[in-house]
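Down below is the structure, laid out as structure tokens.
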Amino acid sequence: MNQKTKVGIIGSGPSGLLLSQLLYVNGIESIVVEKRTRAHVEGRIRAGILEQGMVDLLEAAQVADRLRKEALIHGGIALQFEGNAHRIDMEKLTGGKVVTVYGQNELTKDLMDAHEERGQSPVYQALDVQISGIEVDRPTLTYTKNGEAFRVECDYVIGCDGYHGVSRSYIPSTILKTYQKIYPFGWLGVLADVPPVSDELIYNNHVDGFALASQRSKTRSRYYIQCDLDEDIKEWPDDRFWSELVHRFGEEVGSQIITGPSIEKSIAPLRSFVAEPMRYKSLFLAGDSAHIVPPAGAKGLNLAASDIKYLSDALIRRYKTGKVDLLESYSDKALSRVWKSIRFSWWFTSLTHRFPEHEKGDLGHKLQIAELDYIVNSKAASTSFAENYVGLPY
Ligand code: APR
Ligand code: PHB
């Protein structure tokens with residue numbers, strides 16, 4: 001079956017769905033092809049901290065109704081070390097900027113519902129997606145669904161297919177350059193319907209490993225502990241997780257943690273990754289297909305947001321005016337913000353986690369504590385931290 005559209009989008013994660021929705025509200029047609037089912041995509045538990053830029057984009061995409069009702073606004077976070085938690089008043093330090101707490105899977109659900117309401121849901125279970133015609137600027141997407149072959153002729157193809165997607169492989173190896181750092185540990189995360197231990201997030205540098213107290217609502221908590229890369233999730237029953245979490249948060253905070261049955265538990269590896277350029281002729285990359293950050297800075301979803309802001313503006317300008325200047329500058333502009341977030345996420349991970357070369361409480365750990373102590377007691381240092389955490393300007 002042959003179809004035509006203006007913009008072909010591979011992937012129905014936050015990047016692909018948000019781009020498609022922003023194009024739609026600006027009268028530009030697109031088709032999203034997704035290899036998984038809606039239920040699988042919707043069920044992926046990811047982070048839940050939104051910079052204001054992402055909230056603004058969801059408002060522009062006309063999908064922010066539920067977020068406005070249910071999301072929490074956080075003006076600060078705490079850095080805990082040596083047993084004491086120190087609040088960073090980000091709202092005061094940045095002249096009023098805050099972050100919004102709203103689960104990524106909630107945001108994905110809202111975007112999927114918007115697609116369904118306009119009768120243009122992504123093509124789910126689209127298998128063997130391939131791209132042709134990029135070299136001659138007449139790209140075509142092909143895929144199979146239920147054994148039937150489909151072709152979609154487009155003006156542009158956008159790879160929103162994540163780190164393990166196919167789109168990046170269509171940039172010639174003589175042009176594509178990738179950068180990668182694999183961290184020697186992972187995050188063991190638990191989602192539980194228990195009230196959060198604190199009103200805001202707590203990032204904890206403990207000599208036995210990093211821990212994070214996060215949340216999804218006043219009744220649903222998200223906790224993480226740093227773990228070894230070779231950990232087996234089956235070796236972490238709930239009571240062992242809660243015991244280690246309470247241990248790392250110590251008497252003052254740990255004793256206040258309300259525990260309960262996990263509704264989701266998983267181990268995620270950590271990497272920093274960037275692919276350059278984010279454009280090759282009529283193929284553009286956005287979101288995790290072009291970059292991955294370790295989760296400490298909560299930047300993954302928020303970098304996808306700035307990519308989609310730049311790309312949607314560029315495509316809207318091209319179709320409204322014929323001008324392609326923003327398309328030409330997309331890759332450089334997106335990468336400039338990507339690298340600043342890659343740096344912050346690497347720095348914050350390096351500052352809060354225990355590295356294999358660190359013996360318990362050794363020089364490496366003492367240097368981390370010294371830097372954390374400097375940050376919480378220096379207006380300049382805490383301001384720098386705050387402006388990165390709430391999100392650098394687009
Ligand atoms: N064909 C079709 N779809 C594909 C293919 C393929 N070959 N490969 C991957 N996909 C789909 C995946 O199933 C997934 O639904 O592309 C989507 C990519 O979504 P994400 O990985 O969520 O990436 P993105 O939309 O950029 O969102 C970035 O998601 O993973 C988090 O931490 C990340 O918060 C960040 C956000
Ligand atoms: C989360 O709530 O899942 C979360 C919050 C902050 C992070 C990472 C993950 O830095």
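Within each chain, counting starts at residue 1; across the structure tokens, chains are named A, B, ... in the order shown, with ligands numbered 1 upward in that order.
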
- Kindly provide, as a PyMOL selection string, all nucleotide and amino acid residues lying within 8 Å of ligand 2, counting only C-alpha atoms and all ligand atoms. chain A and resi 45-49+101+103+201+212-216+222-224+295-299

Restrict the selected residues to all heavy atoms and save them as a short mmCIF file (atom, residue, chain, number, x, y, z; two decimals), in the first residue's frame.
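Output (result.cif):
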```cif
data_model
loop_
_atom_site.label_atom_id
_atom_site.label_comp_id
_atom_site.auth_asym_id
_atom_site.auth_seq_id
_atom_site.Cartn_x
_atom_site.Cartn_y
_atom_site.Cartn_z
N ILE A 45 8.37 2.73 32.09
CA ILE A 45 8.52 3.69 33.18
C ILE A 45 9.84 4.43 33.00
O ILE A 45 10.90 3.81 32.91
CB ILE A 45 8.51 2.97 34.55
CG1 ILE A 45 7.20 2.21 34.72
CG2 ILE A 45 8.71 3.97 35.69
CD1 ILE A 45 5.96 3.08 34.80
N ARG A 46 9.78 5.74 32.89
CA ARG A 46 10.99 6.55 32.74
C ARG A 46 10.95 7.68 33.76
O ARG A 46 10.14 7.65 34.69
CB ARG A 46 11.02 7.13 31.31
CG ARG A 46 11.23 6.09 30.22
CD ARG A 46 12.68 5.68 30.15
NE ARG A 46 13.02 4.99 28.92
CZ ARG A 46 12.76 3.71 28.70
NH1 ARG A 46 12.15 3.01 29.61
NH2 ARG A 46 13.11 3.14 27.56
N ALA A 47 11.78 8.67 33.58
CA ALA A 47 11.88 9.77 34.55
C ALA A 47 10.61 10.63 34.51
O ALA A 47 9.70 10.40 33.75
CB ALA A 47 13.11 10.62 34.24
N GLY A 48 10.60 11.64 35.39
CA GLY A 48 9.38 12.44 35.47
C GLY A 48 9.62 13.88 35.86
O GLY A 48 8.79 14.52 36.50
N ILE A 49 10.81 14.43 35.48
CA ILE A 49 11.10 15.83 35.83
C ILE A 49 11.11 16.64 34.53
O ILE A 49 11.93 16.40 33.65
CB ILE A 49 12.47 15.94 36.52
CG1 ILE A 49 12.51 15.06 37.77
CG2 ILE A 49 12.80 17.39 36.84
CD1 ILE A 49 11.51 15.45 38.83
N VAL A 101 6.91 18.00 38.08
CA VAL A 101 6.98 16.54 38.28
C VAL A 101 5.76 15.90 37.65
O VAL A 101 4.63 16.15 38.06
CB VAL A 101 7.04 16.20 39.79
CG1 VAL A 101 7.02 14.70 40.01
CG2 VAL A 101 8.29 16.82 40.41
N GLY A 103 5.07 12.09 35.36
CA GLY A 103 5.72 10.90 34.80
C GLY A 103 5.77 10.93 33.28
O GLY A 103 4.80 11.32 32.62
N LEU A 201 12.80 16.40 45.64
CA LEU A 201 13.74 15.30 45.42
C LEU A 201 14.98 15.45 46.30
O LEU A 201 15.38 16.57 46.63
CB LEU A 201 14.18 15.29 43.95
CG LEU A 201 13.30 14.53 42.95
CD1 LEU A 201 11.88 15.07 42.94
CD2 LEU A 201 13.91 14.57 41.57
N LEU A 212 18.55 8.11 45.33
CA LEU A 212 17.68 9.22 44.94
C LEU A 212 16.26 8.97 45.43
O LEU A 212 15.73 7.87 45.24
CB LEU A 212 17.66 9.36 43.41
CG LEU A 212 16.63 10.30 42.80
CD1 LEU A 212 16.78 11.74 43.28
CD2 LEU A 212 16.70 10.25 41.27
N ALA A 213 15.72 9.97 46.09
CA ALA A 213 14.31 9.94 46.50
C ALA A 213 13.54 10.86 45.55
O ALA A 213 13.74 12.07 45.56
CB ALA A 213 14.15 10.42 47.93
N SER A 214 12.72 10.26 44.68
CA SER A 214 11.92 11.03 43.75
C SER A 214 10.45 10.66 43.94
O SER A 214 10.09 9.95 44.88
CB SER A 214 12.37 10.77 42.31
OG SER A 214 11.63 11.61 41.42
N GLN A 215 9.60 11.17 43.05
CA GLN A 215 8.17 10.94 43.25
C GLN A 215 7.40 11.12 41.94
O GLN A 215 7.95 11.67 40.97
CB GLN A 215 7.64 11.93 44.30
CG GLN A 215 7.94 13.37 43.97
CD GLN A 215 7.76 14.31 45.15
OE1 GLN A 215 6.76 15.00 45.21
NE2 GLN A 215 8.71 14.31 46.10
N ARG A 216 6.15 10.68 41.95
CA ARG A 216 5.25 10.89 40.81
C ARG A 216 4.04 11.70 41.25
O ARG A 216 3.42 12.37 40.43
CB ARG A 216 4.79 9.54 40.22
CG ARG A 216 5.89 8.77 39.55
CD ARG A 216 6.34 9.44 38.26
NE ARG A 216 7.43 8.73 37.62
CZ ARG A 216 8.73 8.97 37.89
NH1 ARG A 216 9.06 9.92 38.78
NH2 ARG A 216 9.69 8.30 37.28
N ARG A 222 9.15 7.29 43.72
CA ARG A 222 10.10 6.65 42.81
C ARG A 222 11.45 6.74 43.50
O ARG A 222 11.90 7.85 43.83
CB ARG A 222 10.12 7.36 41.46
CG ARG A 222 11.09 6.79 40.45
CD ARG A 222 10.69 5.45 39.93
NE ARG A 222 11.39 5.06 38.69
CZ ARG A 222 11.41 3.81 38.24
NH1 ARG A 222 10.81 2.86 38.92
NH2 ARG A 222 12.03 3.51 37.10
N TYR A 223 12.06 5.61 43.81
CA TYR A 223 13.36 5.60 44.49
C TYR A 223 14.38 4.87 43.62
O TYR A 223 14.03 3.93 42.89
CB TYR A 223 13.25 4.88 45.84
CG TYR A 223 12.50 5.64 46.91
CD1 TYR A 223 11.21 5.23 47.30
CD2 TYR A 223 13.04 6.75 47.53
CE1 TYR A 223 10.51 5.92 48.29
CE2 TYR A 223 12.35 7.44 48.53
CZ TYR A 223 11.09 7.01 48.89
OH TYR A 223 10.40 7.70 49.87
N TYR A 224 15.64 5.28 43.74
CA TYR A 224 16.73 4.61 43.02
C TYR A 224 17.91 4.42 43.98
O TYR A 224 18.16 5.28 44.83
CB TYR A 224 17.23 5.47 41.86
CG TYR A 224 16.24 5.75 40.76
CD1 TYR A 224 15.48 6.92 40.78
CD2 TYR A 224 16.07 4.88 39.69
CE1 TYR A 224 14.58 7.20 39.76
CE2 TYR A 224 15.17 5.15 38.67
CZ TYR A 224 14.43 6.33 38.71
OH TYR A 224 13.53 6.61 37.71
N PRO A 295 20.97 9.45 34.03
CA PRO A 295 19.73 10.08 34.52
C PRO A 295 19.90 11.07 35.67
O PRO A 295 18.96 11.78 36.00
CB PRO A 295 18.89 8.89 34.97
CG PRO A 295 19.86 7.80 35.22
CD PRO A 295 21.01 8.02 34.30
N ALA A 296 21.09 11.22 36.23
CA ALA A 296 21.25 12.07 37.42
C ALA A 296 20.77 13.49 37.19
O ALA A 296 20.24 14.13 38.09
CB ALA A 296 22.69 12.09 37.88
N GLY A 297 20.93 14.01 35.99
CA GLY A 297 20.51 15.39 35.77
C GLY A 297 19.08 15.53 35.29
O GLY A 297 18.60 16.63 35.04
N ALA A 298 18.39 14.38 35.12
CA ALA A 298 16.99 14.37 34.61
C ALA A 298 16.90 15.11 33.28
O ALA A 298 15.98 15.89 33.05
CB ALA A 298 16.06 15.01 35.63
N LYS A 299 17.87 14.86 32.39
CA LYS A 299 17.94 15.63 31.14
C LYS A 299 17.45 14.88 29.91
O LYS A 299 17.27 15.47 28.86
CB LYS A 299 19.39 16.09 30.89
CG LYS A 299 19.87 17.11 31.89
CD LYS A 299 19.01 18.36 31.88
CE LYS A 299 19.30 19.27 33.05
NZ LYS A 299 18.20 20.21 33.29
#
```

- For Ala386 (chain A), list every protein, DNA or RNA residue within 7 Å, evaluated using only C-alpha atoms, and leave out those in the same chain fewer than 5 positions away; present the list as a ChimeraX atom specification. /A:90,93-94

- Would you please give, as a ChimeraX atom specification, all residues of region 65-249 of chain A that DSSP assigns to helix (DSSP H, G or I) based on the backbone? /A:65-70,90-93,104-117,167-170,233-235,238-249

- Query: With only C-alpha atoms as the atoms that count, which of A:Pro122, A:Pro195, A:Pro393, A:Gly76 lies nearest to Ser20 (chain A)?
  - Reply: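 Ranking A:Pro122, A:Pro195, A:Pro393, A:Gly76 by distance to Ser20 (chain A), first place goes to A:Pro122.
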
- Message: When you look at Ser384 (chain A) with a cut-off of 12 Å (counting only C-alpha atoms), what residues show up, excluding the ones that are within fewer than 4 positions of it in the same chain? I need them as number ranges by chain.
- Response: A: 88-90, 93-94, 344, 348, 374-376, 378-380, 388-392

Go ahead and save the residues from that selection, with N, CA, C and O atoms, as a short mmCIF file (atom, residue, chain, number, x, y, z; two decimals), in the first residue's frame.
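out_17.cif, written as the output of this step:
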```
data_model
loop_
_atom_site.label_atom_id
_atom_site.label_comp_id
_atom_site.auth_asym_id
_atom_site.auth_seq_id
_atom_site.Cartn_x
_atom_site.Cartn_y
_atom_site.Cartn_z
N ILE A 88 18.60 23.20 47.92
CA ILE A 88 19.01 24.22 46.94
C ILE A 88 17.72 24.91 46.48
O ILE A 88 16.85 24.28 45.88
N ASP A 89 17.61 26.20 46.81
CA ASP A 89 16.38 26.96 46.45
C ASP A 89 16.52 27.42 45.00
O ASP A 89 16.89 28.58 44.72
N MET A 90 16.21 26.54 44.07
CA MET A 90 16.42 26.84 42.65
C MET A 90 15.56 27.99 42.18
O MET A 90 15.99 28.83 41.39
N LEU A 93 17.25 31.15 43.26
CA LEU A 93 18.56 31.35 42.62
C LEU A 93 18.44 31.64 41.12
O LEU A 93 19.33 32.25 40.53
N THR A 94 17.34 31.19 40.50
CA THR A 94 17.22 31.39 39.04
C THR A 94 16.18 32.45 38.70
O THR A 94 15.75 32.56 37.56
N PHE A 344 26.65 18.55 32.05
CA PHE A 344 26.05 18.67 33.38
C PHE A 344 25.72 17.29 33.94
O PHE A 344 25.98 16.99 35.11
N PHE A 348 27.34 15.82 37.31
CA PHE A 348 26.51 15.55 38.49
C PHE A 348 26.59 14.06 38.85
O PHE A 348 26.60 13.69 40.02
N TYR A 374 31.01 22.81 49.00
CA TYR A 374 31.20 24.14 48.36
C TYR A 374 29.90 24.58 47.69
O TYR A 374 29.46 25.72 47.86
N ILE A 375 29.25 23.67 46.96
CA ILE A 375 28.03 24.04 46.22
C ILE A 375 26.94 24.54 47.18
O ILE A 375 26.36 25.61 46.97
N VAL A 376 26.69 23.81 48.25
CA VAL A 376 25.56 24.18 49.12
C VAL A 376 25.88 25.43 49.95
O VAL A 376 24.96 26.04 50.51
N SER A 378 27.91 28.05 48.63
CA SER A 378 28.32 29.14 47.74
C SER A 378 27.16 29.58 46.87
O SER A 378 26.58 28.74 46.15
N LYS A 379 26.81 30.85 46.91
CA LYS A 379 25.73 31.34 46.07
C LYS A 379 26.07 31.17 44.59
O LYS A 379 25.23 30.73 43.80
N ALA A 380 27.31 31.41 44.25
CA ALA A 380 27.72 31.29 42.84
C ALA A 380 27.62 29.84 42.38
O ALA A 380 27.05 29.54 41.32
N ASN A 388 21.48 25.00 35.62
CA ASN A 388 21.60 23.78 34.79
C ASN A 388 20.45 22.83 35.07
O ASN A 388 19.90 22.23 34.15
N TYR A 389 20.08 22.69 36.35
CA TYR A 389 19.06 21.69 36.69
C TYR A 389 17.67 22.11 36.18
O TYR A 389 16.95 21.29 35.61
N VAL A 390 17.33 23.40 36.32
CA VAL A 390 15.98 23.84 35.85
C VAL A 390 15.95 23.88 34.33
O VAL A 390 14.88 23.85 33.71
N GLY A 391 17.15 23.90 33.70
CA GLY A 391 17.19 23.88 32.24
C GLY A 391 17.79 25.13 31.65
O GLY A 391 17.31 26.24 31.92
N LEU A 392 18.85 24.98 30.87
CA LEU A 392 19.47 26.12 30.21
C LEU A 392 18.52 26.65 29.13
O LEU A 392 17.66 25.90 28.64
#
```

- Message: Neighbouring residues of Ile225 (chain A) were defined as those with any atom within 8 Å, considering only C-alpha atoms; residues of the same chain fewer than 6 positions away were excluded. Please report them as a list in words.
- Response: Trp187, Leu188, Gly189, Gly209, Phe210, Ala211, Leu212 and Leu245 of chain A

Would you write out, as a Markdown table, a table of all residues in chain A that have an atom no more than 6 Å from an atom of ligand 1, listing for each the closest atom pair and the distance in Å to one decimal, considering only C-alpha atoms and all ligand atoms and ordering rows by chain and rising residue number?
```
| residue | atom | partner | partner_atom_place_in_ligand_line | distance |
| --- | --- | --- | --- | --- |
| A:Ile10 | CA | ligand 1 | 2 (C) | 5.3 |
| A:Gly11 | CA | ligand 1 | 16 (O) | 3.3 |
| A:Ser12 | CA | ligand 1 | 15 (O) | 4.8 |
| A:Gly13 | CA | ligand 1 | 25 (O) | 3.4 |
| A:Pro14 | CA | ligand 1 | 25 (O) | 4.0 |
| A:Ser15 | CA | ligand 1 | 25 (O) | 3.8 |
| A:Gly16 | CA | ligand 1 | 25 (O) | 5.6 |
| A:Val33 | CA | ligand 1 | 2 (C) | 5.7 |
| A:Glu34 | CA | ligand 1 | 3 (N) | 3.8 |
| A:Lys35 | CA | ligand 1 | 2 (C) | 4.0 |
| A:Arg36 | CA | ligand 1 | 13 (O) | 5.1 |
| A:Val41 | CA | ligand 1 | 15 (O) | 5.3 |
| A:Val129 | CA | ligand 1 | 1 (N) | 5.1 |
| A:Cys160 | CA | ligand 1 | 26 (O) | 5.3 |
| A:Asp161 | CA | ligand 1 | 16 (O) | 3.3 |
| A:Gly162 | CA | ligand 1 | 21 (O) | 3.8 |
| A:His164 | CA | ligand 1 | 8 (N) | 5.8 |
| A:Gly165 | CA | ligand 1 | 8 (N) | 3.6 |
| A:Val166 | CA | ligand 1 | 7 (N) | 4.9 |
| A:Gly287 | CA | ligand 1 | 26 (O) | 3.5 |
| A:Asp288 | CA | ligand 1 | 26 (O) | 3.9 |
| A:Gly300 | CA | ligand 1 | 35 (C) | 4.1 |
| A:Leu301 | CA | ligand 1 | 34 (O) | 3.4 |
| A:Ala304 | CA | ligand 1 | 26 (O) | 5.6 |
```

Residues near region 246-257 of chain A, anyone? I mean within 7 Å using only C-alpha atoms, not counting same-chain ones fewer than 4 positions away, as a compact mmCIF listing (two decimals) with C-alpha atoms, in the first residue's frame.
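Written file, result09.txt:
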```
# COMPACT_ATOMS: atom_id res chain seq x y z
CA GLY A 83 24.03 12.20 56.46
CA VAL A 197 9.69 10.84 52.06
CA HIS A 206 26.62 7.94 50.30
CA ALA A 211 20.54 7.05 46.20
CA TRP A 242 14.08 -0.87 51.14
```

- Select, from A:Gln104, A:Asn84, A:Gln125, A:Gln180, the residue with the minimum atom-to-atom distance to Leu50 (chain A), counting only C-alpha atoms.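 Among A:Gln104, A:Asn84, A:Gln125, A:Gln180, it is A:Gln104 that comes nearest to Leu50 (chain A).
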
Compile a residue-level contact table for region 4-96 of chain A against region 350-370 of chain A at a cut-off of 10 Å, reporting for every qualifying residue the shortest atom pair and its distance in Å to one decimal, with only C-alpha atoms counted, rows ordered by chain and ascending number, as a Markdown table.
```
| residue | atom | partner | partner_atom | distance |
| --- | --- | --- | --- | --- |
| A:Leu79 | CA | A:Thr352 | CA | 9.1 |
| A:Gln80 | CA | A:Thr352 | CA | 9.3 |
| A:Phe81 | CA | A:Ile369 | CA | 6.9 |
| A:Glu82 | CA | A:Ile369 | CA | 7.8 |
```

May I have the selected residues written with N, CA and C atoms, as a compact mmCIF listing (two decimals), in the first residue's frame?
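See result_39.txt below for the written result:
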```txt
# COMPACT_ATOMS: atom_id res chain seq x y z
N LEU A 79 20.50 18.23 48.21
CA LEU A 79 21.71 17.42 48.04
C LEU A 79 22.07 16.89 49.41
N GLN A 80 22.13 15.57 49.55
CA GLN A 80 22.47 14.96 50.84
C GLN A 80 23.87 14.37 50.77
N PHE A 81 24.67 14.63 51.78
CA PHE A 81 25.99 14.01 51.91
C PHE A 81 26.38 14.03 53.37
N GLU A 82 27.12 13.02 53.74
CA GLU A 82 27.53 12.86 55.14
C GLU A 82 26.33 12.90 56.08
```

- Message: Just want the 7 Å neighbourhood of region 25-28 of chain A, counted on only C-alpha atoms, with same-chain residues fewer than 3 positions away dropped. Output as a list of chain:residue names.
- Response: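 Near region 25-28 of chain A, the qualifying residues are A:Gln21, A:Leu22, A:Ala61.
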
Please provide the set of residues having any atom within 10 Å of Leu57 (chain A), restricted to only C-alpha atoms, with same-chain residues fewer than 5 positions apart removed, written as a PDB file with N, CA and C atoms, in the first residue's frame.
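Saved to result_37.pdb:
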```
ATOM      1  N   LEU A  18       5.473  14.063  20.251  1.00  0.00           N
ATOM      2  CA  LEU A  18       5.400  15.514  20.461  1.00  0.00           C
ATOM      3  C   LEU A  18       5.601  16.242  19.137  1.00  0.00           C
ATOM      4  N   LEU A  19       6.558  15.763  18.330  1.00  0.00           N
ATOM      5  CA  LEU A  19       6.783  16.404  17.028  1.00  0.00           C
ATOM      6  C   LEU A  19       5.532  16.302  16.163  1.00  0.00           C
ATOM      7  N   LEU A  22       2.820  18.701  17.411  1.00  0.00           N
ATOM      8  CA  LEU A  22       3.132  20.114  17.135  1.00  0.00           C
ATOM      9  C   LEU A  22       2.936  20.428  15.645  1.00  0.00           C
ATOM     10  N   GLN A  52      10.770  23.761  32.227  1.00  0.00           N
ATOM     11  CA  GLN A  52       9.684  24.637  31.764  1.00  0.00           C
ATOM     12  C   GLN A  52       9.541  24.579  30.250  1.00  0.00           C
ATOM     13  N   GLN A  62      -1.161  21.578  22.750  1.00  0.00           N
ATOM     14  CA  GLN A  62      -2.551  21.437  23.234  1.00  0.00           C
ATOM     15  C   GLN A  62      -2.804  20.085  23.906  1.00  0.00           C
ATOM     16  N   VAL A  63      -1.809  19.614  24.684  1.00  0.00           N
ATOM     17  CA  VAL A  63      -1.969  18.330  25.401  1.00  0.00           C
ATOM     18  C   VAL A  63      -1.618  18.483  26.881  1.00  0.00           C
ATOM     19  N   ALA A  64      -1.773  19.681  27.436  1.00  0.00           N
ATOM     20  CA  ALA A  64      -1.312  19.929  28.812  1.00  0.00           C
ATOM     21  C   ALA A  64      -2.451  19.987  29.832  1.00  0.00           C
ATOM     22  N   ALA A 305      13.003  17.418  24.287  1.00  0.00           N
ATOM     23  CA  ALA A 305      12.110  18.586  24.148  1.00  0.00           C
ATOM     24  C   ALA A 305      12.776  19.695  23.342  1.00  0.00           C
ATOM     25  N   SER A 306      14.026  20.021  23.669  1.00  0.00           N
ATOM     26  CA  SER A 306      14.664  21.133  22.932  1.00  0.00           C
ATOM     27  C   SER A 306      14.929  20.739  21.480  1.00  0.00           C
ATOM     28  N   ILE A 308      13.002  18.838  19.709  1.00  0.00           N
ATOM     29  CA  ILE A 308      11.700  18.918  19.033  1.00  0.00           C
ATOM     30  C   ILE A 308      11.246  20.368  18.877  1.00  0.00           C
ATOM     31  N   LYS A 309      11.610  21.209  19.813  1.00  0.00           N
ATOM     32  CA  LYS A 309      11.297  22.643  19.675  1.00  0.00           C
ATOM     33  C   LYS A 309      11.988  23.215  18.438  1.00  0.00           C
TER      34      LYS A 309
END
```

- Message: Ranking A:Arg87, A:Arg151, A:Ile233, A:Ile77 by minimum distance to Ile31 (chain A) and counting only C-alpha atoms, which one comes first?
- Response: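 Closest to Ile31 (chain A) of all the choices is A:Arg151.
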
- Query: Which value, in Å to one decimal, gives the distance between CA of Gly186 (chain A) and CA of Cys227 (chain A)?
  - Reply: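 Here the two named atoms are 5.2 Å from each other.
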
- Item | Nearest to Ile263 (chain A), chosen from A:Ser382, A:Ser336, A:Asn302, A:Ser221, with only C-alpha atoms counted in the distances |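 Selected residue with least distance to Ile263 (chain A): A:Ser221.
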
- Message: Write out as a count of residues only the set of residues from region 38-112 of chain A that DSSP, computed on the backbone, places in strand (DSSP E or B).
- Response: 18

- Select, from A:Ile175, A:Val123, A:Ile158, A:Met1, the residue with the minimum atom-to-atom distance to Pro139 (chain A), counting only C-alpha atoms.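 Using only C-alpha atoms, Pro139 (chain A) sits closest to A:Ile158.
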
- Hey, can you check how far CA of Arg279 (chain A) sits from CA of Cys154 (chain A)?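 Separating CA of Arg279 (chain A) from CA of Cys154 (chain A) is a distance of 15.7 Å.
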